[in-house]
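Asker: Below is the structure I would like to discuss, written out as structure tokens.
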Amino acid sequence: MELLYTDARIVVCLKPAGVLSTDEPGGMPELLRRQLGTPCIRTVHRLDRVVGGAMVFARTKRAARELSAQITDGGFGKRYLAIVHGAPTPPAGRMEDELWRDKAR
């Protein structure tokens, strides 16, 4: 697994497509615990299983709280880059979509 940054509080790594980002058997926290030899790895945001990309994980309870607060306050964000197969029409441009979670559903 490719680690992009690590310190005593956080680890930033590339999550491969096909791997869960949550703390389940075979998920990223378990894999990071094994690779880093540390008992505490907490997921603070998610990427769908089919998506690969950079993720931030907390290495302490305090870091998890602080990162969660930043996500809630809008100080922590995500950007998505889609790679398509074929030729889109028009061949260049920008597509935007709002991704949001309906907590009621």
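Ligands are numbered from 1 in the order shown, residues from 1 within each chain, and chains are lettered A, B, ... in the order they appear in the structure tokens.
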Report as JSON, numbers by chain all protein, DNA and RNA residues lying within 7 Å of region 8-12 of chain A, evaluated on only C-alpha atoms, omitting residues in the same chain fewer than 4 positions from it.
Answerer: {"A": [3, 4, 54, 55, 56, 57, 58, 59, 60, 63]}
Asker: Would you mind exporting C-alpha atoms of the selected residues as an mmCIF file, in the first residue's frame?
Answerer:
data_model
loop_
_atom_site.group_PDB
_atom_site.id
_atom_site.type_symbol
_atom_site.label_atom_id
_atom_site.label_comp_id
_atom_site.auth_asym_id
_atom_site.auth_seq_id
_atom_site.Cartn_x
_atom_site.Cartn_y
_atom_site.Cartn_z
ATOM 1 C CA LEU A 3 1.750 5.762 2.001
ATOM 2 C CA LEU A 4 1.748 9.428 0.983
ATOM 3 C CA ALA A 54 -6.117 9.311 -1.413
ATOM 4 C CA MET A 55 -7.566 8.852 2.066
ATOM 5 C CA VAL A 56 -6.742 10.267 5.485
ATOM 6 C CA PHE A 57 -6.907 7.980 8.517
ATOM 7 C CA ALA A 58 -6.522 8.978 12.157
ATOM 8 C CA ARG A 59 -3.917 7.226 14.294
ATOM 9 C CA THR A 60 -5.353 8.467 17.616
ATOM 10 C CA ALA A 63 -6.982 13.044 15.719
#
Asker: Using only C-alpha atoms, determine which residues lie at most 12 Å from Ile83 (chain A), disregarding the query and same-chain residues fewer than 4 positions distant; provide the list as a ChimeraX atom specification.
Answerer: /A:51-52,87-88
Asker: Apply DSSP to the structure's backbone, then extract all residues of chain A labelled alpha helix (DSSP H) and return them as number ranges by chain.
Answerer: A: 28-36, 61-73
Asker: Give the strand (DSSP E or B) residues of chain A, as DSSP finds them on the backbone, and put them as a list in words.
Answerer: Leu3, Leu4, Tyr5, Thr6, Ile10, Val11, Val12, Cys13, Leu14, Lys15, Arg42, Thr43, Gly53, Ala54, Met55, Val56, Phe57 and Ala58 of chain A
Asker: Applying 9 Å and only C-alpha atoms, which residues near region 70-82 of chain A remain after dropping the ones on its own chain fewer than 2 positions away? List them as a list in words.
Answerer: Val44, His45, Gly53, Arg65, Glu66, Leu67, Ser68 and Val84 of chain A
Asker: At what distance in Å, to one decimal, does CA of Glu24 (chain A) lie from CA of Glu2 (chain A)?
Answerer: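 Separating CA of Glu2 (chain A) from CA of Glu24 (chain A) is a distance of 19.8 Å.
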Asker: Report, in Å to a single decimal, how far apart CA of Asp48 (chain A) and CA of Arg34 (chain A) are.
Answerer: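 A separation of 21.6 Å between them.
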Asker: So the first atom is CA of Leu47 (chain A) and the second is CA of Glu30 (chain A); what is the distance between them in Å, to one decimal place?
Answerer: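 Separation of CA of Leu47 (chain A) and CA of Glu30 (chain A): 15.6 Å.
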Asker: Please determine, counting only C-alpha atoms, which residue among A:Thr38, A:Thr43, A:Ala64, A:Lys103 has the shortest atom-to-atom distance to Thr22 (chain A).
Answerer: A:Thr43
Asker: Just checking: using only C-alpha atoms, which residue out of A:Thr89, A:Thr6, A:Leu20, A:Asp97 ends up closest to Arg49 (chain A)?
Answerer: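 Among the listed residues, A:Leu20 lies closest to Arg49 (chain A).
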Asker: Calculated over only C-alpha atoms, which of the candidates A:Ala92, A:Val50, A:Cys40, A:Gly86 has the smallest distance to Asp23 (chain A)?
Answerer: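 When distances to Asp23 (chain A) are compared using only C-alpha atoms, the smallest one comes from A:Cys40.
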Asker: Can you tell me, as a list of chain:residue names, what residues are no more than 8 Å from Val19 (chain A) when counting only C-alpha atoms, ignoring any on the same chain fewer than 3 positions away?
Answerer: A:Lys15, A:Pro16, A:Gly26, A:Gly27, A:Met28, A:Arg49, A:Val50
Asker: Go ahead and save the picked residues with all heavy atoms, as a short mmCIF file (atom, residue, chain, number, x, y, z; two decimals), in the first residue's frame.
Answerer:
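Generated file (again31.cif):
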data_model
loop_
_atom_site.label_atom_id
_atom_site.label_comp_id
_atom_site.auth_asym_id
_atom_site.auth_seq_id
_atom_site.Cartn_x
_atom_site.Cartn_y
_atom_site.Cartn_z
N LYS A 15 -5.91 4.42 -1.36
CA LYS A 15 -6.79 3.27 -1.23
C LYS A 15 -6.99 2.68 -2.61
O LYS A 15 -7.43 3.38 -3.52
CB LYS A 15 -8.14 3.67 -0.65
CG LYS A 15 -9.09 2.47 -0.50
CD LYS A 15 -10.49 2.90 -0.15
CE LYS A 15 -11.39 3.03 -1.34
NZ LYS A 15 -11.59 1.84 -2.15
N PRO A 16 -6.67 1.41 -2.78
CA PRO A 16 -6.91 0.79 -4.08
C PRO A 16 -8.40 0.58 -4.33
O PRO A 16 -9.17 0.35 -3.38
CB PRO A 16 -6.20 -0.56 -3.98
CG PRO A 16 -5.39 -0.53 -2.73
CD PRO A 16 -5.97 0.53 -1.86
N GLY A 26 -10.46 -7.09 6.03
CA GLY A 26 -9.90 -6.78 4.73
C GLY A 26 -9.99 -5.31 4.36
O GLY A 26 -9.52 -4.91 3.29
N GLY A 27 -10.57 -4.49 5.23
CA GLY A 27 -10.71 -3.06 4.96
C GLY A 27 -9.41 -2.30 5.23
O GLY A 27 -8.46 -2.84 5.81
N MET A 28 -9.38 -1.06 4.81
CA MET A 28 -8.18 -0.24 4.93
C MET A 28 -7.63 -0.14 6.35
O MET A 28 -6.43 -0.27 6.54
CB MET A 28 -8.45 1.16 4.37
CG MET A 28 -8.58 1.20 2.86
SD MET A 28 -7.07 0.70 2.02
CE MET A 28 -5.98 2.03 2.47
N ARG A 49 -16.19 1.34 -2.29
CA ARG A 49 -15.30 0.22 -2.56
C ARG A 49 -14.73 0.29 -3.98
O ARG A 49 -13.55 0.02 -4.19
CB ARG A 49 -16.03 -1.10 -2.38
CG ARG A 49 -15.14 -2.31 -2.67
CD ARG A 49 -15.91 -3.60 -2.64
NE ARG A 49 -16.34 -3.88 -1.29
CZ ARG A 49 -16.29 -5.09 -0.75
NH1 ARG A 49 -15.85 -6.11 -1.43
NH2 ARG A 49 -16.70 -5.26 0.49
N VAL A 50 -15.55 0.65 -4.95
CA VAL A 50 -15.10 0.64 -6.35
C VAL A 50 -14.18 1.80 -6.70
O VAL A 50 -13.60 1.84 -7.78
CB VAL A 50 -16.30 0.62 -7.33
CG1 VAL A 50 -17.12 -0.64 -7.14
CG2 VAL A 50 -17.16 1.86 -7.16
#
